[in-house]
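See below for run-v5.tsv, which holds TSV, C-alpha atoms.
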```tsv
chain	number	residue	atom	x	y	z
R	1	MET	CA	-22.66	15.11	-9.00
R	2	PRO	CA	-20.11	12.36	-9.81
R	3	GLU	CA	-20.21	9.17	-7.78
R	4	ARG	CA	-17.57	9.05	-5.06
R	5	PRO	CA	-14.85	6.39	-5.34
R	6	ALA	CA	-15.39	3.26	-3.23
R	7	LEU	CA	-12.79	1.81	-0.88
R	8	GLY	CA	-11.90	-0.84	-3.47
R	9	ASP	CA	-11.11	1.81	-6.09
R	10	LEU	CA	-8.85	3.61	-3.63
R	11	LEU	CA	-7.04	0.40	-2.66
R	12	GLU	CA	-6.58	-0.50	-6.31
R	13	SER	CA	-4.59	2.65	-7.06
R	14	LEU	CA	-2.82	2.62	-3.68
R	15	TYR	CA	-1.40	-0.87	-4.18
R	16	ALA	CA	-0.65	-0.10	-7.84
R	17	SER	CA	1.60	2.71	-6.59
R	18	VAL	CA	3.92	0.12	-5.02
R	19	LEU	CA	5.02	-0.83	-8.52
R	20	ASP	CA	4.38	2.48	-10.30
R	21	ILE	CA	4.73	5.52	-8.06
R	22	SER	CA	2.77	7.66	-10.55
R	23	ALA	CA	-0.37	5.73	-9.51
R	24	LEU	CA	-0.28	7.84	-6.32
R	25	GLU	CA	-1.59	10.69	-8.48
R	26	THR	CA	-4.69	8.63	-9.25
R	27	PHE	CA	-4.99	7.59	-5.60
R	28	ASN	CA	-4.73	11.18	-4.31
R	29	ARG	CA	-7.30	12.40	-6.83
R	30	ARG	CA	-9.73	9.64	-5.89
R	31	LEU	CA	-9.19	10.31	-2.19
R	32	ALA	CA	-9.94	14.01	-2.77
R	33	GLU	CA	-13.16	13.09	-4.57
R	34	ALA	CA	-14.18	10.60	-1.90
R	35	THR	CA	-13.69	13.06	0.98
R	36	ASP	CA	-14.51	16.34	-0.79
R	37	SER	CA	-11.01	17.61	0.01
R	38	HIS	CA	-9.24	20.25	-2.05
R	39	ILE	CA	-5.75	19.04	-1.04
R	40	THR	CA	-4.70	15.41	-0.50
R	41	GLY	CA	-1.27	13.88	-0.53
R	42	VAL	CA	1.83	12.48	1.14
R	43	LEU	CA	3.96	14.79	3.26
R	44	ILE	CA	7.27	14.21	5.04
R	45	HIS	CA	8.02	16.01	8.30
R	46	ASP	CA	11.43	16.42	9.93
R	47	VAL	CA	10.08	16.76	13.46
R	48	ALA	CA	13.29	17.91	15.16
R	49	GLY	CA	14.20	20.39	12.43
R	50	GLY	CA	10.70	21.72	11.91
R	51	ARG	CA	10.95	21.24	8.15
R	52	GLY	CA	8.35	19.83	5.79
R	53	GLN	CA	8.77	18.19	2.42
R	54	VAL	CA	6.30	17.42	-0.37
R	55	SER	CA	6.24	13.83	-1.58
R	56	HIS	CA	3.12	13.48	-3.76
R	57	ILE	CA	0.31	16.02	-3.59
R	58	HIS	CA	-3.02	16.71	-5.31
R	59	GLY	CA	-4.80	20.05	-5.44
R	60	VAL	CA	-1.85	22.43	-5.13
R	61	ASP	CA	1.24	23.07	-7.21
R	62	ASN	CA	4.19	21.12	-5.82
R	63	GLU	CA	6.63	23.99	-6.22
R	64	ARG	CA	4.29	26.46	-4.54
R	65	LEU	CA	3.74	24.17	-1.55
R	66	ALA	CA	7.45	23.42	-1.29
R	67	GLY	CA	8.18	27.15	-1.35
R	68	LEU	CA	5.69	27.86	1.43
R	69	LEU	CA	7.11	25.03	3.54
R	70	ALA	CA	10.62	26.43	3.08
R	71	GLU	CA	9.49	29.78	4.55
R	72	VAL	CA	8.08	28.41	7.82
R	73	ASP	CA	9.27	26.47	10.84
R	74	LEU	CA	6.71	23.80	11.66
R	75	ARG	CA	7.77	23.95	15.30
R	76	ASP	CA	5.88	27.27	15.39
R	77	ASP	CA	2.66	25.61	14.22
R	78	PRO	CA	0.28	25.25	17.22
R	79	TRP	CA	-1.19	22.12	15.66
R	80	MET	CA	2.22	20.48	15.17
R	81	GLN	CA	3.27	21.44	18.69
R	82	ARG	CA	0.35	19.52	20.16
R	83	VAL	CA	0.17	16.64	17.71
R	84	THR	CA	3.87	15.72	17.72
R	85	PRO	CA	3.74	13.83	21.07
R	86	GLN	CA	0.90	11.74	19.61
R	87	LEU	CA	2.75	10.71	16.44
R	88	ALA	CA	2.74	6.93	15.99
R	89	ILE	CA	2.35	4.62	13.04
R	90	GLY	CA	-1.31	3.98	12.36
R	91	ARG	CA	-2.67	7.04	14.15
R	92	VAL	CA	-5.32	9.16	12.41
R	93	LEU	CA	-4.89	12.71	13.72
R	94	ASP	CA	-7.48	15.48	13.32
R	95	SER	CA	-6.35	19.11	13.69
R	96	ASP	CA	-9.69	20.02	15.30
R	97	ASP	CA	-8.99	17.55	18.12
R	98	PHE	CA	-5.80	19.35	19.11
R	99	VAL	CA	-6.40	23.06	18.52
R	100	PRO	CA	-9.84	24.68	18.74
R	101	ARG	CA	-10.64	26.11	15.34
R	102	ALA	CA	-11.18	29.65	16.61
R	103	GLU	CA	-7.73	29.59	18.21
R	104	ALA	CA	-6.11	28.16	15.09
R	105	LEU	CA	-7.66	30.83	12.82
R	106	ARG	CA	-6.24	33.61	15.00
R	107	SER	CA	-2.69	32.30	15.06
R	108	GLY	CA	0.15	33.95	13.17
R	109	PHE	CA	1.17	30.63	11.73
R	110	PHE	CA	-2.28	30.20	10.20
R	111	ASN	CA	-1.92	33.53	8.40
R	112	ASN	CA	1.63	32.75	7.25
R	113	TYR	CA	0.91	29.25	5.95
R	114	TYR	CA	-2.54	27.64	6.16
R	115	ARG	CA	-4.51	30.69	4.94
R	116	LYS	CA	-2.35	30.85	1.81
R	117	LEU	CA	-3.37	27.25	1.01
R	118	ASP	CA	-7.01	27.74	2.09
R	119	ILE	CA	-6.67	25.03	4.77
R	120	VAL	CA	-9.07	25.15	7.71
R	121	GLN	CA	-9.00	21.51	8.79
R	122	GLN	CA	-6.35	18.85	8.23
R	123	VAL	CA	-6.54	15.12	9.00
R	124	ALA	CA	-3.40	12.98	8.76
R	125	SER	CA	-2.83	9.23	8.75
R	126	VAL	CA	0.68	8.31	9.94
R	127	GLY	CA	2.28	5.75	7.65
R	128	MET	CA	5.77	5.96	9.16
R	129	TYR	CA	7.28	7.54	12.27
R	130	ASP	CA	10.78	6.69	13.51
R	131	GLY	CA	11.03	9.24	16.31
R	132	SER	CA	12.62	11.85	14.05
R	133	ASN	CA	10.65	11.87	10.81
R	134	SER	CA	7.04	11.18	9.95
R	135	VAL	CA	5.32	10.39	6.67
R	136	THR	CA	1.62	11.13	6.57
R	137	LEU	CA	-1.28	10.78	4.19
R	138	SER	CA	-3.20	14.03	4.65
R	139	LEU	CA	-6.59	15.49	3.67
R	140	CYS	CA	-7.44	19.18	3.87
R	141	HIS	CA	-10.46	21.40	3.26
R	142	GLY	CA	-10.97	25.15	3.54
R	143	ASP	CA	-14.62	25.60	4.58
R	144	VAL	CA	-14.87	27.29	8.01
R	145	ARG	CA	-18.45	26.00	8.37
R	146	ARG	CA	-17.55	22.37	7.72
R	147	ARG	CA	-15.97	19.57	9.76
R	148	TYR	CA	-14.91	16.21	8.43
R	149	GLY	CA	-17.49	13.66	9.60
R	150	GLU	CA	-17.53	9.92	10.14
R	151	ALA	CA	-17.81	9.26	6.39
R	152	GLU	CA	-14.44	10.90	5.71
R	153	LEU	CA	-12.70	9.88	8.95
R	154	GLY	CA	-14.03	6.32	8.74
R	155	LEU	CA	-12.74	6.00	5.19
R	156	LEU	CA	-9.29	7.25	6.22
R	157	ARG	CA	-9.23	4.80	9.15
R	158	ALA	CA	-10.13	1.95	6.78
R	159	LEU	CA	-7.37	3.03	4.40
R	160	THR	CA	-4.73	3.42	7.10
R	161	PRO	CA	-3.59	-0.25	7.45
R	162	HIS	CA	-3.25	-0.47	3.67
R	163	TRP	CA	-1.43	2.88	3.53
R	164	ILE	CA	1.05	1.61	6.14
R	165	ASN	CA	1.65	-1.60	4.16
R	166	ALA	CA	1.97	0.17	0.83
R	167	TYR	CA	4.46	2.67	2.25
R	168	ALA	CA	6.46	-0.12	3.91
R	169	MET	CA	6.68	-1.94	0.57
R	170	LEU	CA	7.64	1.29	-1.21
R	171	ARG	CA	10.46	1.82	1.29
R	172	ARG	CA	11.74	-1.73	0.82
R	173	LEU	CA	11.56	-1.47	-2.96
R	174	GLY	CA	13.13	1.97	-2.78
R	175	GLY	CA	16.10	0.39	-1.05
R	176	LEU	CA	16.96	-1.29	-4.33
R	177	GLU	CA	17.14	1.97	-6.25
R	178	HIS	CA	20.73	2.73	-5.28
R	179	ARG	CA	21.70	-0.32	-7.39
R	180	VAL	CA	19.43	0.27	-10.37
R	181	ALA	CA	18.25	3.35	-12.20
R	182	THR	CA	14.47	3.00	-11.87
R	183	LEU	CA	11.86	1.17	-9.87
R	184	GLU	CA	10.89	-0.79	-12.97
R	185	GLN	CA	14.45	-2.04	-13.24
R	186	ALA	CA	14.36	-2.89	-9.55
R	187	LEU	CA	11.39	-5.13	-10.24
R	188	ASP	CA	13.33	-6.83	-13.01
R	189	HIS	CA	15.95	-7.71	-10.39
R	190	SER	CA	13.29	-9.04	-8.03
R	191	PRO	CA	12.50	-12.78	-7.72
R	192	LEU	CA	8.77	-11.96	-7.46
R	193	ALA	CA	7.37	-12.75	-10.92
R	194	MET	CA	5.17	-10.05	-12.44
R	195	PHE	CA	2.92	-10.19	-15.51
R	196	LEU	CA	1.04	-7.22	-16.93
R	197	LEU	CA	-2.02	-8.37	-18.88
R	198	LYS	CA	-4.27	-6.57	-21.34
R	199	PRO	CA	-8.08	-6.80	-21.09
R	200	ASP	CA	-8.02	-9.87	-23.36
R	201	LEU	CA	-5.60	-11.51	-20.84
R	202	SER	CA	-2.73	-11.41	-23.31
R	203	ILE	CA	0.69	-10.66	-21.82
R	204	CYS	CA	1.97	-7.19	-22.64
R	205	ARG	CA	4.82	-7.07	-20.14
R	206	THR	CA	6.82	-9.32	-17.83
R	207	ASN	CA	9.84	-9.06	-15.59
R	208	ALA	CA	12.84	-11.40	-15.56
R	209	ALA	CA	11.39	-13.62	-12.81
R	210	ALA	CA	8.21	-14.09	-14.83
R	211	GLU	CA	10.19	-15.08	-17.90
R	212	ARG	CA	12.01	-17.70	-15.82
R	213	LEU	CA	8.69	-19.25	-14.82
R	214	LEU	CA	7.57	-19.29	-18.44
R	215	GLY	CA	10.86	-20.84	-19.49
R	216	ALA	CA	10.55	-23.56	-16.85
R	217	GLY	CA	7.01	-24.38	-17.99
R	218	MET	CA	5.42	-23.54	-14.61
R	219	LEU	CA	3.23	-21.05	-16.46
R	220	ARG	CA	2.67	-20.79	-20.20
R	221	ARG	CA	2.29	-18.13	-22.88
R	222	GLU	CA	-0.22	-19.61	-25.33
R	223	ALA	CA	-1.17	-17.35	-28.25
R	224	ALA	CA	0.18	-14.53	-26.06
R	225	VAL	CA	-2.34	-15.40	-23.29
R	226	LEU	CA	-1.16	-16.38	-19.81
R	227	THR	CA	-2.21	-19.95	-19.00
R	228	VAL	CA	-1.08	-23.16	-17.34
R	229	ASN	CA	-1.15	-26.84	-18.17
R	230	GLY	CA	-3.55	-29.41	-16.75
R	231	ARG	CA	-6.56	-29.14	-14.49
R	232	ALA	CA	-5.50	-25.73	-13.14
R	233	ARG	CA	-6.04	-24.06	-16.53
R	234	ALA	CA	-9.73	-23.39	-15.92
R	235	GLY	CA	-9.04	-22.18	-12.39
R	236	LEU	CA	-6.42	-19.67	-13.55
R	237	HIS	CA	-8.69	-18.36	-16.30
R	238	ALA	CA	-11.57	-17.95	-13.82
R	239	LEU	CA	-9.33	-16.11	-11.33
R	240	LEU	CA	-8.14	-13.68	-14.00
R	241	GLN	CA	-11.69	-13.06	-15.24
R	242	ARG	CA	-12.97	-12.35	-11.72
R	243	ALA	CA	-10.11	-9.93	-11.10
R	244	LEU	CA	-10.69	-8.26	-14.47
R	245	ARG	CA	-14.40	-7.76	-13.84
R	246	GLY	CA	-14.07	-6.95	-10.15
R	247	THR	CA	-16.55	-9.70	-9.27
R	248	SER	CA	-14.64	-11.27	-6.41
R	249	GLN	CA	-16.73	-11.80	-3.29
R	250	LEU	CA	-13.77	-10.95	-1.05
R	251	THR	CA	-13.89	-7.61	0.76
R	252	GLY	CA	-11.65	-5.18	2.59
R	253	GLY	CA	-8.88	-5.14	0.00
R	254	GLU	CA	-8.38	-8.92	0.17
R	255	VAL	CA	-6.98	-10.58	-2.94
R	256	GLU	CA	-7.90	-14.01	-4.22
R	257	LYS	CA	-5.19	-16.57	-4.79
R	258	LEU	CA	-4.77	-19.73	-6.83
R	259	VAL	CA	-2.38	-22.40	-5.56
R	260	LEU	CA	-0.86	-24.48	-8.35
R	261	ARG	CA	0.45	-27.94	-7.42
R	262	ASP	CA	3.17	-30.16	-8.84
R	263	ALA	CA	2.89	-33.81	-9.92
R	264	ASP	CA	3.08	-34.89	-6.27
R	265	GLU	CA	0.22	-32.53	-5.34
R	266	ARG	CA	2.52	-30.26	-3.39
R	267	PRO	CA	2.03	-26.47	-3.68
R	268	CYS	CA	4.55	-25.08	-6.15
R	269	LEU	CA	3.18	-21.71	-7.23
R	270	VAL	CA	0.80	-19.11	-5.76
R	271	VAL	CA	-0.87	-16.72	-8.21
R	272	THR	CA	-2.74	-13.49	-7.35
R	273	ALA	CA	-4.29	-10.96	-9.74
R	274	HIS	CA	-4.94	-7.23	-9.19
R	275	ARG	CA	-7.15	-5.12	-11.44
R	276	LEU	CA	-5.51	-1.85	-12.51
R	277	VAL	CA	-6.93	1.33	-13.96
R	278	GLN	CA	-3.68	2.51	-15.47
R	279	TRP	CA	-0.18	1.10	-15.40
R	280	SER	CA	1.58	4.10	-16.85
R	281	PRO	CA	0.83	6.94	-19.30
R	282	GLN	CA	2.40	4.86	-22.06
R	283	GLU	CA	0.87	1.44	-21.32
R	284	GLN	CA	-2.73	0.53	-20.62
R	285	GLY	CA	-2.61	-2.60	-18.47
R	286	ALA	CA	-5.76	-4.24	-17.14
R	287	LEU	CA	-4.36	-6.78	-14.68
R	288	LEU	CA	-1.19	-7.09	-12.64
R	289	VAL	CA	-0.51	-10.76	-11.87
R	290	PHE	CA	2.03	-11.95	-9.30
R	291	ALA	CA	3.31	-15.54	-9.27
R	292	ARG	CA	5.31	-16.72	-6.29
R	293	GLU	CA	7.18	-20.00	-6.12
R	294	VAL	CA	6.56	-21.94	-2.90
R	295	ARG	CA	10.11	-22.45	-1.69
R	296	GLN	CA	12.54	-21.67	1.09
R	297	ALA	CA	12.52	-17.99	1.97
R	298	SER	CA	15.61	-15.82	2.31
R	299	VAL	CA	17.19	-15.78	5.77
R	300	ALA	CA	16.76	-11.99	5.63
R	301	LEU	CA	12.97	-12.24	5.38
R	302	GLU	CA	12.09	-13.16	8.96
R	303	PRO	CA	14.03	-10.27	10.57
R	304	ALA	CA	12.61	-7.93	7.90
R	305	LEU	CA	9.07	-8.90	8.92
R	306	ARG	CA	9.83	-8.40	12.60
R	307	ARG	CA	11.41	-5.02	11.92
R	308	LEU	CA	8.69	-3.73	9.56
R	309	PHE	CA	5.62	-4.88	11.45
R	310	GLY	CA	6.75	-5.60	15.01
R	311	LEU	CA	6.07	-9.34	14.79
R	312	THR	CA	7.34	-11.66	17.49
R	313	GLU	CA	9.59	-14.58	16.56
R	314	ALA	CA	6.64	-17.01	16.76
R	315	GLU	CA	4.48	-14.73	14.61
R	316	SER	CA	7.16	-14.23	11.95
R	317	ARG	CA	7.76	-18.02	11.82
R	318	LEU	CA	4.06	-18.62	11.23
R	319	ALA	CA	3.89	-15.92	8.54
R	320	LEU	CA	6.87	-17.51	6.77
R	321	ALA	CA	5.36	-21.01	7.07
R	322	LEU	CA	2.14	-19.75	5.49
R	323	PHE	CA	4.24	-18.08	2.80
R	324	ARG	CA	5.95	-21.42	2.08
R	325	HIS	CA	2.94	-23.74	2.22
R	326	ALA	CA	0.00	-21.52	1.23
R	327	ASP	CA	-2.05	-23.58	3.69
R	328	VAL	CA	-2.70	-22.74	7.35
R	329	GLY	CA	-2.84	-26.41	8.41
R	330	ALA	CA	0.56	-27.17	6.92
R	331	ALA	CA	1.95	-23.92	8.35
R	332	ALA	CA	0.68	-24.89	11.82
R	333	ARG	CA	2.31	-28.33	11.58
R	334	GLU	CA	5.65	-26.79	10.59
R	335	CYS	CA	5.48	-24.46	13.59
R	336	GLY	CA	4.45	-27.29	15.94
R	337	VAL	CA	1.13	-25.71	16.96
R	338	THR	CA	-2.52	-26.64	16.50
R	339	SER	CA	-4.60	-25.12	13.74
R	340	GLY	CA	-6.60	-23.27	16.39
R	341	THR	CA	-3.46	-21.73	17.84
R	342	ALA	CA	-2.26	-20.79	14.36
R	343	LEU	CA	-5.57	-19.09	13.53
R	344	SER	CA	-5.48	-17.18	16.81
R	345	ARG	CA	-1.89	-16.12	16.15
R	346	LEU	CA	-2.82	-15.06	12.62
R	347	LYS	CA	-5.39	-12.62	14.03
R	348	THR	CA	-2.58	-10.87	15.91
R	349	ILE	CA	-0.45	-10.85	12.75
R	350	TYR	CA	-3.36	-9.31	10.83
R	351	ASP	CA	-3.68	-6.58	13.46
R	352	LYS	CA	0.02	-5.75	13.24
R	353	THR	CA	0.29	-5.84	9.45
R	354	GLY	CA	-3.12	-4.36	8.67
R	355	GLU	CA	-4.02	-7.35	6.50
R	356	HIS	CA	-7.31	-9.21	6.82
R	357	GLY	CA	-6.86	-12.67	5.33
R	358	GLN	CA	-4.38	-15.38	4.45
R	359	ALA	CA	-4.08	-14.47	0.77
R	360	SER	CA	-3.56	-10.81	1.60
R	361	LEU	CA	-0.91	-11.67	4.20
R	362	VAL	CA	0.94	-13.96	1.78
R	363	ARG	CA	0.88	-11.19	-0.82
R	364	LEU	CA	2.44	-8.80	1.68
R	365	VAL	CA	5.13	-11.29	2.75
R	366	ALA	CA	5.89	-11.98	-0.92
R	367	ALA	CA	6.41	-8.26	-1.57
R	368	VAL	CA	8.80	-8.01	1.39
R	369	ALA	CA	10.51	-11.25	0.29
R	370	ALA	CA	11.13	-9.81	-3.15
R	371	THR	CA	13.14	-6.94	-1.71
R	372	ALA	CA	14.81	-8.96	1.05
R	373	GLU	CA	16.04	-11.47	-1.50
R	374	GLY	CA	16.85	-8.80	-4.05
```
Encoded form (structure tokens):
Amino acid sequence: MPERPALGDLLESLYASVLDISALETFNRRLAEATDSHITGVLIHDVAGGRGQVSHIHGVDNERLAGLLAEVDLRDDPWMQRVTPQLAIGRVLDSDDFVPRAEALRSGFFNNYYRKLDIVQQVASVGMYDGSNSVTLSLCHGDVRRRYGEAELGLLRALTPHWINAYAMLRRLGGLEHRVATLEQALDHSPLAMFLLKPDLSICRTNAAAERLLGAGMLRREAAVLTVNGRARAGLHALLQRALRGTSQLTGGEVEKLVLRDADERPCLVVTAHRLVQWSPQEQGALLVFAREVRQASVALEPALRRLFGLTEAESRLALALFRHADVGAAARECGVTSGTALSRLKTIYDKTGEHGQASLVRLVAAVAATAEG
């Protein structure tokens, strides 16, 4: 029996999907393997209209599922009738908690829809709900003798904060697509520098922001390998090697960072590296490296953070200060609070954003900044 994917493998493909939506196929397949589900995927629900829409699905033909959804009104679904009042971002909703299985199996809606897909139990993680539409990450199985246990539900709960963040970033990046033809072109218009590296750490792809950093000498391309001048060279190489080998000691989807400093020892660049399984069917990338200049953020960034994650003004100011300084002490001083107060406030920010560390939070803010500034 093949080994089930670990949380880190799932997070790897989930965050990769922010930049390459096709990585959701890998994520959905891994999630199906990890939970022994025959259908996994992202579904969109027009609550008021009772209509469903397929976004990305594994285990069933997209056209077949779309056709079945077009034939039914989800307002007639006993499960949807009872679960709709409980819809909220971050909720993990189990069909067995809302409709007893014996009742569900006898319903006309079950025969018209769920039986045709061999679905007996469905669990959904709500990534977005605006009062009218929901977007869920769903798992389904068709064994009448089985119930999802803590292994499957616990994994989905652990994934949920990351699913919320990834979907929020996808929405923000998607907002650029009315101005450019593809998401890849949107990234080229983004000020967040991106490098795609091969297993030997040579650069196989960059975006325009990355080329500007190379041109300014903040990072270097030396024999095609990404590097930097001075004492930070060894640190950058070590960071990339750890990311490549997956040997970081950080857990829970956290990402290591390297802060590069200028001649006056002030932070000037923050670098993070993410190991990838596959960038696209045409290109085999090993690492995705982000480099963010430490500078003044766009005026649009703070309201974007408050809107996306429900941060208060004080919380969004602290998140932006950490984004600028890459140091919690300096961020606290800018906000006029003690380090203890800043750390306490950060815990609340982590709860609201689903992140679990300073580097991870800065990465998230950088992704939002890229679209806010773009």
Nearest-residue call for Ala6 (chain R), choices R:Val120, R:Ile57, R:Leu159, R:Leu287, using all atoms listed in the file: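 Under the stated criterion, the closest residue is R:Leu159.
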From the list R:His58, R:Ala359, R:Asn207, R:Ala304, the nearest residue to Met194 (chain R) using only C-alpha atoms is R:Asn207
Measure the distance from CA of Leu117 (chain R) to CA of Leu69 (chain R) in Å and round it to one decimal. 11.0 Å
Show me, as an MDAnalysis selection string, the residues that have an atom within 12 Å of Ala286 (chain R) when counting only C-alpha atoms, minus same-chain residues fewer than 4 positions from it. chainID R and resid 12 16 195:205 240:241 243:246 273:280
What's the separation between CA of Glu211 (chain R) and CA of Ala321 (chain R), in Å to one decimal place?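 CA of Ala321 (chain R) lies 26.1 Å from CA of Glu211 (chain R).
Nearest residue to Arg242 (chain R) among R:Gly215, R:Thr272, R:Glu334, R:Phe27 is R:Thr272, counting all atoms listed in the file.
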How far is it from CA of Lys347 (chain R) to CA of Ala124 (chain R), in Å with one decimal?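 Result for CA of Lys347 (chain R) versus CA of Ala124 (chain R): 26.2 Å, one decimal.
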Counting only C-alpha atoms, which residue out of R:Val83, R:Ala331, R:Val42, R:Leu364 sits closest to Ala168 (chain R)? R:Leu364
Given the point (-4.0, -0.3, -4.3) in the file's coordinates, find the residues that have an atom at most 9 Å from it, counting all atoms listed in the file, and give them as a list in words. Gly8, Asp9, Leu10, Leu11, Glu12, Ser13, Leu14, Tyr15, Ala16, Ser17, Val18, Ala23, Phe27, His162, Trp163, Ala166, Gly253, His274 and Leu276 of chain R
Return the single residue from R:Arg317, R:Arg91, R:Arg292, R:Arg306 that is closest to Cys268 (chain R), with distances computed using all atoms listed in the file. R:Arg292
12 Å contact set for Cys335 (chain R), all atoms listed in the file, chain neighbours under 4 positions out, as a PyMOL selection string: chain R and resi 313-322+324-325+328-331+339+341-342+345
Pick the closest to Glu33 (chain R) from R:Val72, R:Gly59, R:His237, R:Asn112: which is it, counting all atoms listed in the file? R:Gly59
Give me the residues near Glu71 (chain R) as a VMD selection string, where near means some atom within 12 Å (using only C-alpha atoms) and where sequence neighbours in that chain fewer than 6 positions away do not count. chain R and resid 50 to 53 64 to 65 109 112 to 113
Hey, what's within 10 Å of Ser134 (chain R) if we count all atoms listed in the file and toss same-chain stuff fewer than 2 positions away? As a list in words, please? Leu43, Ile44, His45, Asp46, Val47, Gly52, Thr84, Leu87, Ala88, Ile89, Val126, Gly127, Met128, Tyr129, Asp130, Gly131, Ser132 and Thr136 of chain R
I'd like the box whose edges run along x, y and z of the file and which contains every listed atom of region 85-97 of chain R, padded by 5 Å per side; could you state its centre and edge lengths in Å, one decimal, as JSON?
```
{"center_x": -3.0, "center_y": 12.0, "center_z": 16.7, "size_x": 23.4, "size_y": 26.0, "size_z": 18.7}
```
Completion step: region 26-39 of chain R with N, CA, C and O atoms as a PDB file, keeping the file's coordinate frame:
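Output saved as part22.pdb:
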```
ATOM      1  N   THR R  26      -3.314   9.113  -9.141  1.00  0.00           N
ATOM      2  CA  THR R  26      -4.690   8.630  -9.250  1.00  0.00           C
ATOM      3  C   THR R  26      -5.289   8.425  -7.863  1.00  0.00           C
ATOM      4  O   THR R  26      -6.433   8.806  -7.600  1.00  0.00           O
ATOM      5  N   PHE R  27      -4.515   7.836  -6.963  1.00  0.00           N
ATOM      6  CA  PHE R  27      -4.990   7.590  -5.600  1.00  0.00           C
ATOM      7  C   PHE R  27      -5.352   8.903  -4.901  1.00  0.00           C
ATOM      8  O   PHE R  27      -6.433   9.029  -4.299  1.00  0.00           O
ATOM      9  N   ASN R  28      -4.470   9.904  -4.972  1.00  0.00           N
ATOM     10  CA  ASN R  28      -4.730  11.180  -4.310  1.00  0.00           C
ATOM     11  C   ASN R  28      -5.956  11.867  -4.890  1.00  0.00           C
ATOM     12  O   ASN R  28      -6.755  12.467  -4.153  1.00  0.00           O
ATOM     13  N   ARG R  29      -6.117  11.785  -6.206  1.00  0.00           N
ATOM     14  CA  ARG R  29      -7.300  12.400  -6.830  1.00  0.00           C
ATOM     15  C   ARG R  29      -8.566  11.696  -6.362  1.00  0.00           C
ATOM     16  O   ARG R  29      -9.556  12.346  -6.011  1.00  0.00           O
ATOM     17  N   ARG R  30      -8.552  10.375  -6.329  1.00  0.00           N
ATOM     18  CA  ARG R  30      -9.730   9.640  -5.890  1.00  0.00           C
ATOM     19  C   ARG R  30     -10.036   9.915  -4.416  1.00  0.00           C
ATOM     20  O   ARG R  30     -11.202  10.022  -4.021  1.00  0.00           O
ATOM     21  N   LEU R  31      -8.993  10.022  -3.608  1.00  0.00           N
ATOM     22  CA  LEU R  31      -9.190  10.310  -2.190  1.00  0.00           C
ATOM     23  C   LEU R  31      -9.801  11.699  -2.023  1.00  0.00           C
ATOM     24  O   LEU R  31     -10.675  11.910  -1.164  1.00  0.00           O
ATOM     25  N   ALA R  32      -9.362  12.666  -2.823  1.00  0.00           N
ATOM     26  CA  ALA R  32      -9.940  14.010  -2.770  1.00  0.00           C
ATOM     27  C   ALA R  32     -11.418  13.978  -3.127  1.00  0.00           C
ATOM     28  O   ALA R  32     -12.253  14.609  -2.471  1.00  0.00           O
ATOM     29  N   GLU R  33     -11.762  13.204  -4.160  1.00  0.00           N
ATOM     30  CA  GLU R  33     -13.160  13.090  -4.570  1.00  0.00           C
ATOM     31  C   GLU R  33     -13.998  12.403  -3.501  1.00  0.00           C
ATOM     32  O   GLU R  33     -15.134  12.808  -3.227  1.00  0.00           O
ATOM     33  N   ALA R  34     -13.431  11.377  -2.883  1.00  0.00           N
ATOM     34  CA  ALA R  34     -14.180  10.600  -1.900  1.00  0.00           C
ATOM     35  C   ALA R  34     -14.435  11.368  -0.614  1.00  0.00           C
ATOM     36  O   ALA R  34     -15.401  11.089   0.100  1.00  0.00           O
ATOM     37  N   THR R  35     -13.575  12.329  -0.298  1.00  0.00           N
ATOM     38  CA  THR R  35     -13.690  13.060   0.980  1.00  0.00           C
ATOM     39  C   THR R  35     -14.022  14.533   0.780  1.00  0.00           C
ATOM     40  O   THR R  35     -14.083  15.277   1.756  1.00  0.00           O
ATOM     41  N   ASP R  36     -14.240  14.938  -0.473  1.00  0.00           N
ATOM     42  CA  ASP R  36     -14.510  16.340  -0.790  1.00  0.00           C
ATOM     43  C   ASP R  36     -13.431  17.238  -0.190  1.00  0.00           C
ATOM     44  O   ASP R  36     -13.699  18.217   0.510  1.00  0.00           O
ATOM     45  N   SER R  37     -12.164  16.857  -0.473  1.00  0.00           N
ATOM     46  CA  SER R  37     -11.010  17.610   0.010  1.00  0.00           C
ATOM     47  C   SER R  37     -10.348  18.330  -1.154  1.00  0.00           C
ATOM     48  O   SER R  37     -10.262  17.776  -2.251  1.00  0.00           O
ATOM     49  N   HIS R  38      -9.881  19.539  -0.935  1.00  0.00           N
ATOM     50  CA  HIS R  38      -9.240  20.250  -2.050  1.00  0.00           C
ATOM     51  C   HIS R  38      -7.741  19.969  -2.106  1.00  0.00           C
ATOM     52  O   HIS R  38      -7.113  20.201  -3.143  1.00  0.00           O
ATOM     53  N   ILE R  39      -7.160  19.447  -1.025  1.00  0.00           N
ATOM     54  CA  ILE R  39      -5.750  19.040  -1.040  1.00  0.00           C
ATOM     55  C   ILE R  39      -5.650  17.662  -0.390  1.00  0.00           C
ATOM     56  O   ILE R  39      -6.169  17.451   0.707  1.00  0.00           O
TER      57      ILE R  39
END
```
